[in-house]
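Trainee: So I've got this file, my_file-v1.txt, and it contains compact mmCIF, C-alpha atoms:
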# COMPACT_ATOMS: atom_id res chain seq x y z
CA MET A 30 73.71 -99.32 53.73
CA THR A 31 70.16 -100.37 54.57
CA GLN A 32 71.44 -102.04 57.71
CA LYS A 33 73.21 -98.82 58.69
CA ALA A 34 70.11 -96.69 58.06
CA ASN A 35 68.05 -99.05 60.21
CA HIS A 36 70.33 -98.36 63.13
CA LEU A 37 69.11 -94.77 63.20
CA LYS A 38 65.47 -95.77 63.61
CA ALA A 39 63.75 -97.13 66.68
CA THR A 40 62.58 -100.74 66.58
CA GLN A 41 58.85 -101.27 67.03
CA PHE A 42 57.31 -104.49 68.26
CA ASP A 43 53.55 -104.90 68.08
CA LEU A 44 52.61 -107.89 70.23
CA ILE A 45 49.23 -109.31 69.36
CA ARG A 46 47.65 -112.06 71.41
CA HIS A 47 45.76 -114.70 69.41
CA GLY A 48 41.98 -114.26 69.17
CA GLN A 49 39.22 -116.28 70.82
CA ILE A 50 39.86 -120.01 70.68
CA ASP A 51 37.56 -122.84 69.70
CA GLY A 52 37.39 -124.80 72.95
CA PRO A 53 35.96 -124.83 76.46
CA ALA A 54 37.37 -122.68 79.30
CA ALA A 55 40.74 -124.19 80.19
CA LEU A 56 44.41 -123.38 80.65
CA TYR A 57 45.79 -123.61 77.13
CA GLY A 58 49.55 -123.86 76.82
CA ARG A 59 50.99 -126.58 74.60
CA THR A 60 47.47 -127.80 73.65
CA ASP A 61 47.13 -126.93 69.99
CA VAL A 62 43.60 -125.52 69.88
CA ALA A 63 42.38 -123.57 66.82
CA LEU A 64 40.91 -120.05 66.64
CA SER A 65 37.12 -119.78 66.59
CA PRO A 66 35.50 -117.89 63.66
CA GLU A 67 35.10 -114.93 66.06
CA GLY A 68 38.81 -115.23 66.88
CA TRP A 69 39.75 -114.96 63.19
CA GLN A 70 37.59 -111.88 62.85
CA GLN A 71 39.20 -110.24 65.90
CA MET A 72 42.66 -110.84 64.45
CA TYR A 73 41.74 -109.23 61.12
CA GLN A 74 40.02 -106.33 62.84
CA GLN A 75 43.08 -105.57 64.95
CA THR A 76 45.75 -106.02 62.26
CA ASN A 77 43.74 -104.02 59.70
CA ARG A 78 44.48 -100.96 61.81
CA LEU A 79 48.22 -101.40 61.34
CA GLU A 80 49.47 -100.03 58.07
CA THR A 81 52.60 -102.02 57.39
CA PHE A 82 55.15 -104.25 59.02
CA ASP A 83 58.55 -105.44 57.96
CA ASN A 84 58.35 -108.82 59.70
CA ILE A 85 55.71 -111.16 61.04
CA ILE A 86 56.88 -113.56 63.73
CA SER A 87 54.61 -116.20 65.24
CA SER A 88 54.37 -118.85 67.91
CA PRO A 89 54.21 -122.30 66.25
CA LEU A 90 50.83 -123.06 67.84
CA ARG A 91 48.01 -122.95 65.32
CA ARG A 92 45.90 -120.38 67.22
CA CYS A 93 48.73 -117.99 66.27
CA GLU A 94 50.39 -119.54 63.24
CA ALA A 95 47.28 -120.16 61.07
CA PHE A 96 46.36 -116.48 61.11
CA ALA A 97 49.97 -115.24 60.95
CA SER A 98 50.71 -117.29 57.83
CA GLU A 99 47.63 -115.88 56.05
CA LEU A 100 48.63 -112.35 57.05
CA ALA A 101 52.22 -112.90 55.91
CA ALA A 102 50.99 -114.17 52.53
CA ASP A 103 48.69 -111.12 52.19
CA HIS A 104 51.71 -108.87 52.77
CA GLY A 105 54.14 -110.85 50.63
CA LEU A 106 56.29 -111.64 53.67
CA THR A 107 57.94 -114.85 54.80
CA LEU A 108 56.54 -115.90 58.17
CA GLN A 109 59.14 -116.44 60.90
CA ILE A 110 58.12 -119.18 63.35
CA GLU A 111 59.67 -118.94 66.82
CA ALA A 112 59.28 -121.80 69.30
CA GLY A 113 60.62 -119.47 72.01
CA ILE A 114 57.40 -117.44 72.03
CA GLN A 115 55.10 -120.46 72.43
CA GLU A 116 52.86 -120.32 75.54
CA CYS A 117 53.94 -121.87 78.85
CA ASP A 118 53.34 -125.62 79.03
CA PHE A 119 50.78 -126.26 81.78
CA GLY A 120 51.56 -129.98 81.96
CA GLU A 121 48.74 -132.22 83.23
CA TRP A 122 46.33 -129.28 83.46
CA ASP A 123 46.88 -128.15 79.90
CA GLY A 124 43.73 -128.08 77.77
CA ILE A 125 41.61 -129.79 80.46
CA GLU A 126 38.24 -128.05 80.91
CA PHE A 127 38.10 -126.23 84.26
CA ASP A 128 34.98 -128.22 85.22
CA ASP A 129 36.99 -131.44 85.09
CA HIS A 130 39.64 -130.19 87.50
CA SER A 131 37.89 -130.67 90.83
CA GLN A 132 40.67 -132.86 92.23
CA HIS A 133 43.29 -130.26 91.31
CA TRP A 134 41.67 -127.23 92.96
CA PRO A 135 43.98 -126.94 95.98
CA LEU A 136 47.12 -127.05 93.83
CA MET A 137 45.56 -124.81 91.16
CA THR A 138 44.63 -122.23 93.80
CA SER A 139 48.28 -122.11 94.92
CA PHE A 140 49.33 -121.74 91.30
CA TRP A 141 46.99 -118.78 90.70
CA HIS A 142 48.13 -117.01 93.85
CA ASP A 143 51.83 -117.70 93.59
CA PRO A 144 52.81 -119.22 90.22
CA GLY A 145 56.59 -118.96 90.79
CA PRO A 146 57.07 -122.04 93.00
CA ASN A 147 53.80 -123.84 92.09
CA THR A 148 54.49 -125.47 88.73
CA PRO A 149 51.64 -127.60 87.33
CA PRO A 150 52.45 -131.35 87.41
CA GLN A 151 54.71 -132.22 84.42
CA GLY A 152 54.53 -128.56 83.34
CA GLU A 153 57.13 -125.90 82.59
CA SER A 154 58.25 -123.82 85.54
CA LEU A 155 57.52 -120.10 85.37
CA ALA A 156 61.26 -119.41 85.66
CA SER A 157 62.07 -121.62 82.63
CA PHE A 158 59.24 -120.04 80.68
CA HIS A 159 60.42 -116.53 81.55
CA ASP A 160 64.04 -117.30 80.58
CA ARG A 161 62.99 -118.88 77.28
CA VAL A 162 60.79 -115.93 76.31
CA ILE A 163 63.28 -113.23 77.30
CA SER A 164 66.17 -114.98 75.58
CA THR A 165 64.07 -115.15 72.38
CA TRP A 166 63.02 -111.52 72.84
CA GLN A 167 66.65 -110.40 73.03
CA THR A 168 67.50 -112.34 69.89
CA LEU A 169 64.54 -110.81 68.03
CA CYS A 170 65.60 -107.29 69.07
CA LYS A 171 69.03 -107.86 67.52
CA GLN A 172 67.68 -109.60 64.40
CA HIS A 173 65.15 -106.91 63.50
CA LEU A 174 66.84 -103.70 64.53
CA GLY A 175 65.13 -100.55 63.24
CA GLN A 176 62.17 -102.46 61.85
CA HIS A 177 58.44 -102.69 62.56
CA ASN A 178 57.72 -106.20 63.77
CA LEU A 179 54.45 -107.97 64.47
CA LEU A 180 54.63 -110.79 67.03
CA VAL A 181 51.64 -113.12 67.06
CA CYS A 182 51.77 -114.83 70.42
CA HIS A 183 50.16 -115.53 73.80
CA GLY A 184 49.03 -113.73 76.96
CA GLY A 185 51.75 -115.29 79.10
CA VAL A 186 54.45 -114.39 76.58
CA ILE A 187 53.30 -110.76 76.44
CA ARG A 188 53.34 -110.55 80.25
CA GLN A 189 56.93 -111.88 80.39
CA ILE A 190 58.14 -109.26 77.92
CA LEU A 191 56.26 -106.48 79.75
CA ALA A 192 57.67 -107.53 83.13
CA HIS A 193 61.17 -107.55 81.64
CA ILE A 194 60.85 -104.02 80.23
CA LEU A 195 59.03 -102.49 83.21
CA SER A 196 61.17 -104.32 85.82
CA THR A 197 58.09 -105.76 87.51
CA ASP A 198 57.94 -109.10 89.28
CA TRP A 199 56.99 -111.83 86.78
CA ARG A 200 56.56 -114.26 89.71
CA SER A 201 53.65 -112.27 91.13
CA GLY A 202 50.21 -113.86 90.77
CA ASP A 203 48.62 -110.42 90.34
CA TRP A 204 50.67 -109.83 87.19
CA TYR A 205 48.67 -112.66 85.58
CA SER A 206 45.26 -112.36 87.23
CA GLN A 207 44.83 -108.56 87.50
CA LEU A 208 46.36 -107.48 84.17
CA GLN A 209 44.00 -108.39 81.34
CA ILE A 210 45.56 -109.17 77.97
CA GLY A 211 42.39 -109.73 75.95
CA TYR A 212 41.93 -111.86 72.84
CA ALA A 213 43.58 -110.17 69.83
CA SER A 214 44.64 -107.24 72.01
CA LEU A 215 47.64 -105.20 70.95
CA THR A 216 50.63 -104.18 73.08
CA ARG A 217 53.37 -101.94 71.68
CA ILE A 218 57.04 -101.83 72.65
CA ILE A 219 59.48 -99.24 71.33
CA VAL A 220 63.22 -99.97 71.44
CA PRO A 221 65.08 -96.67 70.90
CA SER A 222 67.91 -96.58 68.40
CA HIS A 223 70.42 -95.29 70.95
CA PRO A 224 72.02 -98.40 72.49
CA GLU A 225 71.97 -96.90 76.00
CA ALA A 226 68.32 -95.86 75.90
CA LYS A 227 65.99 -98.46 77.41
CA PRO A 228 62.93 -99.93 75.64
CA SER A 229 59.57 -98.55 76.70
CA VAL A 230 55.96 -99.67 76.56
CA ALA A 231 53.72 -97.41 74.43
CA PHE A 232 50.45 -99.10 75.48
CA ILE A 233 49.15 -102.41 76.81
CA GLY A 234 46.20 -104.58 75.81
CA LEU A 235 44.45 -102.35 73.29
CA PRO A 236 41.20 -104.22 72.50
CA ALA A 237 40.47 -105.37 68.94
CA ASP A 238 37.09 -103.64 68.89
CA PHE A 239 37.96 -100.51 70.76
CA ARG A 240 36.39 -97.99 68.43
CA ARG A 241 33.01 -98.78 69.94
CA ASN A 242 32.53 -98.66 73.69
CA ASP A 243 31.30 -102.20 73.88
CA ILE A 244 33.99 -103.96 75.81
CA ASP A 245 32.24 -106.52 77.96
CA PHE A 246 32.69 -106.51 81.66
CA GLU A 247 30.64 -108.22 84.28
CA MET B 160 16.68 -99.70 95.30
CA THR B 161 19.00 -98.06 92.77
CA GLN B 162 21.85 -98.39 95.25
CA LYS B 163 21.10 -102.10 95.63
CA ALA B 164 20.97 -102.64 91.85
CA ASN B 165 24.33 -100.89 91.47
CA HIS B 166 25.90 -103.44 93.79
CA LEU B 167 25.27 -106.11 91.18
CA LYS B 168 27.23 -104.28 88.49
CA ALA B 169 30.97 -103.88 88.18
CA THR B 170 32.40 -100.41 88.65
CA GLN B 171 34.30 -99.01 85.68
CA PHE B 172 36.93 -96.30 85.95
CA ASP B 173 38.24 -94.73 82.77
CA LEU B 174 41.39 -92.80 83.67
CA ILE B 175 42.28 -90.17 81.11
CA ARG B 176 45.51 -88.22 81.31
CA HIS B 177 45.23 -84.54 80.34
CA GLY B 178 46.24 -83.63 76.77
CA GLN B 179 49.33 -81.79 75.55
CA ILE B 180 50.11 -78.73 77.68
CA ASP B 181 50.94 -75.20 76.64
CA GLY B 182 54.46 -74.86 78.02
CA PRO B 183 58.08 -75.89 77.50
CA ALA B 184 59.41 -79.35 78.42
CA ALA B 185 59.46 -79.47 82.23
CA LEU B 186 58.28 -81.48 85.22
CA TYR B 187 54.75 -80.23 85.78
CA GLY B 188 53.20 -81.03 89.15
CA ARG B 189 51.55 -78.23 91.09
CA THR B 190 52.36 -75.70 88.30
CA ASP B 191 49.00 -74.79 86.86
CA VAL B 192 49.74 -74.86 83.13
CA ALA B 193 46.89 -74.84 80.58
CA LEU B 194 46.17 -77.30 77.75
CA SER B 195 47.42 -76.34 74.29
CA PRO B 196 44.84 -76.22 71.44
CA GLU B 197 46.19 -79.63 70.34
CA GLY B 198 45.67 -80.85 73.93
CA TRP B 199 42.00 -79.81 73.85
CA GLN B 200 41.53 -81.64 70.57
CA GLN B 201 43.15 -84.81 71.94
CA MET B 202 40.78 -84.76 74.93
CA TYR B 203 37.70 -84.43 72.73
CA GLN B 204 38.96 -87.10 70.36
CA GLN B 205 39.48 -89.58 73.17
CA THR B 206 36.28 -88.89 75.14
CA ASN B 207 34.11 -88.88 71.99
CA ARG B 208 34.79 -92.61 71.80
CA LEU B 209 33.17 -93.21 75.17
CA GLU B 210 29.42 -93.40 74.99
CA THR B 211 28.28 -92.36 78.46
CA PHE B 212 29.49 -91.94 81.99
CA ASP B 213 27.70 -91.51 85.28
CA ASN B 214 30.35 -89.31 86.90
CA ILE B 215 33.20 -87.07 85.83
CA ILE B 216 35.88 -86.53 88.46
CA SER B 217 38.84 -84.21 87.89
CA SER B 218 42.09 -83.02 89.38
CA PRO B 219 41.73 -79.33 90.35
CA LEU B 220 44.58 -78.30 88.03
CA ARG B 221 43.32 -76.48 84.96
CA ARG B 222 45.00 -78.80 82.41
CA CYS B 223 42.40 -81.31 83.68
CA GLU B 224 39.61 -79.22 85.17
CA ALA B 225 39.01 -76.82 82.24
CA PHE B 226 38.25 -79.69 79.87
CA ALA B 227 36.43 -81.77 82.49
CA SER B 228 34.04 -78.94 83.35
CA GLU B 229 33.17 -78.45 79.67
CA LEU B 230 32.59 -82.17 79.25
CA ALA B 231 30.46 -82.35 82.41
CA ALA B 232 28.34 -79.43 81.15
CA ASP B 233 27.92 -81.18 77.76
CA HIS B 234 26.65 -84.28 79.58
CA GLY B 235 24.49 -82.43 82.12
CA LEU B 236 26.63 -83.72 84.99
CA THR B 237 28.05 -81.96 88.05
CA LEU B 238 31.83 -82.08 87.96
CA GLN B 239 33.46 -83.58 91.05
CA ILE B 240 36.84 -81.97 91.84
CA GLU B 241 39.26 -84.12 93.85
CA ALA B 242 42.46 -82.60 95.23
CA GLY B 243 43.65 -86.14 96.02
CA ILE B 244 44.20 -86.89 92.32
CA GLN B 245 46.30 -83.78 91.66
CA GLU B 246 49.80 -84.53 90.28
CA CYS B 247 52.81 -84.97 92.60
CA ASP B 248 54.32 -81.64 93.70
CA PHE B 249 57.87 -81.48 92.29
CA GLY B 250 58.91 -78.61 94.60
CA GLU B 251 61.72 -76.39 93.33
CA TRP B 252 61.88 -78.24 90.00
CA ASP B 253 58.18 -77.87 89.26
CA GLY B 254 57.42 -76.06 86.01
CA ILE B 255 61.09 -75.09 85.42
CA GLU B 256 62.16 -75.72 81.83
CA PHE B 257 64.60 -78.63 81.64
CA ASP B 258 67.18 -76.39 79.95
CA ASP B 259 67.34 -74.22 83.07
CA HIS B 260 68.12 -77.13 85.37
CA SER B 261 71.83 -77.60 84.74
CA GLN B 262 72.74 -77.15 88.41
CA HIS B 263 70.19 -79.79 89.42
CA TRP B 264 71.30 -82.57 87.05
CA PRO B 265 73.04 -84.83 89.60
CA LEU B 266 70.03 -84.78 91.94
CA MET B 267 67.57 -85.08 89.07
CA THR B 268 69.43 -88.11 87.72
CA SER B 269 69.07 -89.81 91.12
CA PHE B 270 65.38 -88.92 91.11
CA TRP B 271 64.80 -90.48 87.66
CA HIS B 272 66.62 -93.66 88.60
CA ASP B 273 65.26 -94.09 92.10
CA PRO B 274 62.41 -91.68 92.88
CA GLY B 275 61.47 -93.30 96.22
CA PRO B 276 64.20 -91.78 98.41
CA ASN B 277 65.12 -88.85 96.11
CA THR B 278 62.41 -86.25 96.69
CA PRO B 279 62.87 -82.95 94.79
CA PRO B 280 63.80 -80.05 97.13
CA GLN B 281 60.62 -78.74 98.83
CA GLY B 282 58.61 -81.33 96.90
CA GLU B 283 56.17 -84.08 97.89
CA SER B 284 57.75 -87.46 98.63
CA LEU B 285 56.71 -90.33 96.38
CA ALA B 286 55.40 -92.19 99.44
CA SER B 287 53.12 -89.27 100.45
CA PHE B 288 51.95 -88.93 96.87
CA HIS B 289 51.21 -92.65 96.61
CA ASP B 290 49.29 -92.69 99.92
CA ARG B 291 47.24 -89.62 98.96
CA VAL B 292 46.28 -91.05 95.56
CA ILE B 293 45.42 -94.53 96.84
CA SER B 294 43.40 -93.20 99.75
CA THR B 295 41.40 -91.05 97.29
CA TRP B 296 41.06 -94.02 94.93
CA GLN B 297 39.59 -96.18 97.69
CA THR B 298 37.10 -93.44 98.60
CA LEU B 299 36.06 -93.05 94.95
CA CYS B 300 35.52 -96.82 94.61
CA LYS B 301 33.09 -96.73 97.55
CA GLN B 302 31.36 -93.51 96.44
CA HIS B 303 30.66 -94.63 92.89
CA LEU B 304 29.96 -98.34 93.24
CA GLY B 305 28.46 -99.94 90.13
CA GLN B 306 28.92 -96.82 88.02
CA HIS B 307 30.95 -95.77 84.99
CA ASN B 308 33.35 -93.06 86.09
CA LEU B 309 35.68 -90.86 84.11
CA LEU B 310 38.74 -89.58 86.01
CA VAL B 311 40.56 -86.69 84.35
CA CYS B 312 44.00 -86.70 85.92
CA HIS B 313 47.77 -87.05 85.50
CA GLY B 314 50.42 -89.56 84.42
CA GLY B 315 51.80 -89.97 87.93
CA VAL B 316 48.33 -90.52 89.39
CA ILE B 317 47.50 -93.20 86.80
CA ARG B 318 50.79 -95.00 87.55
CA GLN B 319 50.03 -95.04 91.32
CA ILE B 320 46.60 -96.59 90.75
CA LEU B 321 48.03 -99.15 88.30
CA ALA B 322 50.83 -100.12 90.70
CA HIS B 323 48.27 -100.57 93.48
CA ILE B 324 46.06 -102.87 91.39
CA LEU B 325 48.86 -104.87 89.78
CA SER B 326 50.95 -105.09 93.00
CA THR B 327 53.98 -103.62 91.24
CA ASP B 328 56.63 -101.47 92.91
CA TRP B 329 55.60 -97.81 92.70
CA ARG B 330 59.08 -96.83 93.96
CA SER B 331 60.77 -98.25 90.86
CA GLY B 332 62.19 -95.68 88.43
CA ASP B 333 61.33 -97.93 85.47
CA TRP B 334 57.62 -97.73 86.37
CA TYR B 335 57.79 -94.03 85.47
CA SER B 336 60.36 -93.93 82.68
CA GLN B 337 59.61 -97.15 80.74
CA LEU B 338 55.79 -97.14 80.93
CA GLN B 339 54.43 -94.43 78.64
CA ILE B 340 51.14 -92.83 79.64
CA GLY B 341 50.68 -90.49 76.66
CA TYR B 342 48.75 -87.24 76.49
CA ALA B 343 45.00 -87.89 76.59
CA SER B 344 45.62 -91.65 76.74
CA LEU B 345 42.98 -93.85 78.30
CA THR B 346 43.47 -96.56 80.94
CA ARG B 347 40.56 -98.71 82.11
CA ILE B 348 40.06 -100.35 85.52
CA ILE B 349 37.23 -102.75 86.30
CA VAL B 350 36.21 -103.32 89.92
CA PRO B 351 34.04 -106.47 90.04
CA SER B 352 30.78 -106.36 91.97
CA HIS B 353 31.74 -109.30 94.19
CA PRO B 354 33.49 -107.81 97.23
CA GLU B 355 36.15 -110.55 97.30
CA ALA B 356 37.05 -110.29 93.62
CA LYS B 357 40.00 -107.98 92.99
CA PRO B 358 40.00 -105.05 90.54
CA SER B 359 41.71 -105.63 87.21
CA VAL B 360 43.24 -103.52 84.47
CA ALA B 361 41.47 -103.84 81.10
CA PHE B 362 44.10 -101.84 79.15
CA ILE B 363 46.75 -99.18 79.69
CA GLY B 364 47.58 -95.99 77.80
CA LEU B 365 45.32 -96.29 74.76
CA PRO B 366 46.38 -93.37 72.54
CA ALA B 367 43.86 -90.65 71.62
CA ASP B 368 44.53 -91.05 67.89
CA PHE B 369 44.89 -94.79 67.72
CA ARG B 370 42.64 -95.46 64.75
CA ARG B 371 45.45 -94.42 62.44
CA ASN B 372 48.87 -95.98 62.76
CA ASP B 373 50.59 -92.65 63.26
CA ILE B 374 51.83 -92.81 66.81
CA ASP B 375 55.14 -91.00 66.84
CA PHE B 376 58.22 -92.74 68.00
CA GLU B 377 61.80 -91.72 67.52
Represent the supplied structure as structure tokens.
Mentor:
Amino acid sequence: MTQKANHLKATQFDLIRHGQIDGPAALYGRTDVALSPEGWQQMYQQTNRLETFDNIISSPLRRCEAFASELAADHGLTLQIEAGIQECDFGEWDGIEFDDHSQHWPLMTSFWHDPGPNTPPQGESLASFHDRVISTWQTLCKQHLGQHNLLVCHGGVIRQILAHILSTDWRSGDWYSQLQIGYASLTRIIVPSHPEAKPSVAFIGLPADFRRNDIDFE
Amino acid sequence: MTQKANHLKATQFDLIRHGQIDGPAALYGRTDVALSPEGWQQMYQQTNRLETFDNIISSPLRRCEAFASELAADHGLTLQIEAGIQECDFGEWDGIEFDDHSQHWPLMTSFWHDPGPNTPPQGESLASFHDRVISTWQTLCKQHLGQHNLLVCHGGVIRQILAHILSTDWRSGDWYSQLQIGYASLTRIIVPSHPEAKPSVAFIGLPADFRRNDIDFE
């Protein structure tokens, strides 16, 4: 009966990127860096705006999972951990401070401009990453039909899901470098209840501190 | 001196779509429909969050211009009207209530799915619209270097500028139907001061009433 009623409601996914991390500027994929105190605060600030959710789903990495498990406990929910929404694995570059990368610059420059064919050494290809995320996304849509779901995940994961829904090219370098998905920013996807209606994007990258007009830009 | 100092600062464009309009559900392009009382309120609610701007630039259509001229007066600014950021002209379909379109459905369906080659009868082609908006955008970027600019415009205009910056396909039907740009929503573009750095999108479609979690979805 509940299951049937849920079919009449749209499914809402609120995708929140983890907050600021406690580490130097680097490509963080599989590297399991923690949130900074500021990052924790950003996550609370953003999620405090959301009234309720039926499910909280998190990447297993601790910059997502540590906060998500606290939030789930606060709401009396069981946290669902999904390896499929973990960030892309950047291989030998992962977690290495940008300053220490001088010998990798030529290859890294190719990666920034055209990440499709330029996989970091020992890293995950963009195509594998995309397939993994979208396959998980499709499973989550079926699992949580008609519910309000919070996904605590990563900038790359959010961009894969957006590209899938908007039919944009997830291989394009500009999709990563020109679309900001800030720390603890919120992106909302609505999946209509009618099976033939396509999901849509309600908004992208809403900052944690938006109330005030103090978003930094250089 | 001031001009030189401005070159060191990024340029910020806040693109606000007009609020709810006072008319039945229709494609509104050149049709000069007014804002509803709710639409006026949405515009004030959204712009009250922004502290200051150096310039207010508006589409000449009154669903944008009427509010923009009040806001400019409130801020002691001269309103800049730009015909280049007027909405696409939907020709014979423009302003006609959807219910009265039964004879146009086959052509309209093609237009929704693939708007590039399917121009409404007597309307503006998507390619002309895109070129007009982007040419105006490039002029505005040069005119208002280093400043904080508010553009009061339309959903189609915002999508052209976003597609240009993110290198996505502005001919794709999904770019219009799956990306919501709500009434009075705010989209922010940052153009870095360094001439070789590319503009980026800070966020897309921030709702006017976001503080509360009451965004309607069906």
Trainee: For Leu236 of chain B, which residue among B:Ile293, B:Leu194, B:Asn308, B:Phe249 is the nearest when counting only C-alpha atoms?
Mentor: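 Counting only C-alpha atoms, the residue closest to Leu236 of chain B is B:Asn308.
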Trainee: If the cut-off is 8 Å, can you tell me the residues of chain A near chain B, counting only C-alpha atoms? I'd like them as a VMD selection string.
Mentor: chain A and resid 38 to 39 78 to 80 194 to 198 201 203 to 204 206 to 211 219 221 to 222 227 to 236 240 to 242 246 to 247
Trainee: So that I can see what lies close to Ala63 of chain A, please list as a list in words the residues with an atom at most 10 Å from it, counting all atoms listed in the file and leaving out residues fewer than 3 positions away in the same chain.
Mentor: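 Returned residues: His47, Gly48, Gln49, Ile50, Asp51, Gly52, Thr60, Pro66, Gly68, Trp69, Leu90, Arg91, Arg92, Cys93, Glu94, Ala95 and Phe96 of chain A.
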Trainee: For Gly120 of chain A, which residue among A:Asp83, A:His177, A:Tyr73, A:Pro149 is the nearest when counting all atoms listed in the file?
Mentor: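 Ranked by minimum distance to Gly120 of chain A, first place goes to A:Pro149.
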Trainee: For the atom pair atom CA of Val186 of chain A and atom CA of Asp173 of chain B, what is the interatomic distance in Å to one decimal place?
Mentor: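 Interatomic distance, atom CA of Val186 of chain A to atom CA of Asp173 of chain B: 26.2 Å.
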Trainee: Report, in Å to a single decimal, how far apart atom CA of Asn207 of chain B and atom CA of Phe82 of chain A are.
Mentor: 29.1 Å
Trainee: Between A:Arg161, A:His104, A:Arg200, A:Arg46, which one has atoms that come closest to Cys117 of chain A, using all atoms listed in the file?
Mentor: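 Closest candidate: A:Arg161.
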Trainee: Could you tell me how far atom CA of Leu174 of chain A lies from atom CA of Phe42 of chain A, in Å and to one decimal?
Mentor: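 Taking atom CA of Leu174 of chain A and atom CA of Phe42 of chain A, their separation equals 10.3 Å.
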Trainee: Quick one: residues within 12 Å of (54.7, -120.8, 63.1) (file frame), counting all atoms listed in the file, please, as JSON, numbers by chain.
Mentor: {"A": [61, 85, 86, 87, 88, 89, 90, 91, 92, 93, 94, 95, 96, 97, 98, 99, 101, 107, 108, 109, 110, 111, 112, 113, 114, 115, 180, 181, 182]}
Trainee: Using all atoms listed in the file, find the one residue out of B:Ile175, B:Ala286, B:Leu309, B:Leu266 that sits nearest to Trp252 of chain B.
Mentor: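 Selected residue with least distance to Trp252 of chain B: B:Leu266.
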Trainee: Smallest atom-to-atom distance to Ala237 of chain A: which of A:Ser65, A:Asn147, A:Gln74, A:Ser131, using only C-alpha atoms?
Mentor: A:Gln74
Trainee: For Gln71 of chain A, which of A:Pro224, A:Tyr212, A:Pro146, A:His133 is the closest residue, counting only C-alpha atoms?
Mentor: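 So, comparing all the options, the nearest one is A:Tyr212.
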Trainee: Regenerate segment 198-202 of chain A at the level of all heavy atoms and dump it as a JSON list (two decimals), keeping the file's coordinate frame.
Mentor:
[["chain", "number", "residue", "atom", "x", "y", "z"],
["A", 198, "ASP", "N", 57.69, -107.74, 88.82],
["A", 198, "ASP", "CA", 57.94, -109.10, 89.28],
["A", 198, "ASP", "C", 57.08, -110.11, 88.50],
["A", 198, "ASP", "O", 55.88, -110.22, 88.73],
["A", 198, "ASP", "CB", 57.61, -109.18, 90.78],
["A", 198, "ASP", "CG", 57.88, -110.56, 91.35],
["A", 198, "ASP", "OD1", 58.46, -111.42, 90.64],
["A", 198, "ASP", "OD2", 57.49, -110.79, 92.51],
["A", 199, "TRP", "N", 57.71, -110.86, 87.60],
["A", 199, "TRP", "CA", 56.99, -111.83, 86.78],
["A", 199, "TRP", "C", 56.58, -113.05, 87.59],
["A", 199, "TRP", "O", 55.86, -113.92, 87.09],
["A", 199, "TRP", "CB", 57.82, -112.25, 85.57],
["A", 199, "TRP", "CG", 59.22, -112.64, 85.89],
["A", 199, "TRP", "CD1", 60.33, -111.83, 85.88],
["A", 199, "TRP", "CD2", 59.70, -113.94, 86.31],
["A", 199, "TRP", "NE1", 61.44, -112.54, 86.26],
["A", 199, "TRP", "CE2", 61.09, -113.83, 86.53],
["A", 199, "TRP", "CE3", 59.07, -115.17, 86.52],
["A", 199, "TRP", "CZ2", 61.87, -114.90, 86.95],
["A", 199, "TRP", "CZ3", 59.84, -116.25, 86.93],
["A", 199, "TRP", "CH2", 61.22, -116.10, 87.15],
["A", 200, "ARG", "N", 57.00, -113.15, 88.86],
["A", 200, "ARG", "CA", 56.56, -114.26, 89.71],
["A", 200, "ARG", "C", 55.24, -113.96, 90.42],
["A", 200, "ARG", "O", 54.62, -114.83, 91.00],
["A", 200, "ARG", "CB", 57.61, -114.57, 90.78],
["A", 200, "ARG", "CG", 58.92, -115.14, 90.26],
["A", 200, "ARG", "CD", 59.95, -115.19, 91.36],
["A", 200, "ARG", "NE", 61.30, -115.31, 90.83],
["A", 200, "ARG", "CZ", 62.02, -114.29, 90.39],
["A", 200, "ARG", "NH1", 61.56, -113.06, 90.42],
["A", 200, "ARG", "NH2", 63.24, -114.49, 89.92],
["A", 201, "SER", "N", 54.83, -112.70, 90.38],
["A", 201, "SER", "CA", 53.65, -112.27, 91.13],
["A", 201, "SER", "C", 52.35, -112.75, 90.49],
["A", 201, "SER", "O", 52.09, -112.52, 89.30],
["A", 201, "SER", "CB", 53.65, -110.74, 91.20],
["A", 201, "SER", "OG", 52.36, -110.24, 91.46],
["A", 202, "GLY", "N", 51.50, -113.39, 91.27],
["A", 202, "GLY", "CA", 50.21, -113.86, 90.77],
["A", 202, "GLY", "C", 49.36, -112.73, 90.20],
["A", 202, "GLY", "O", 48.65, -112.92, 89.20]]
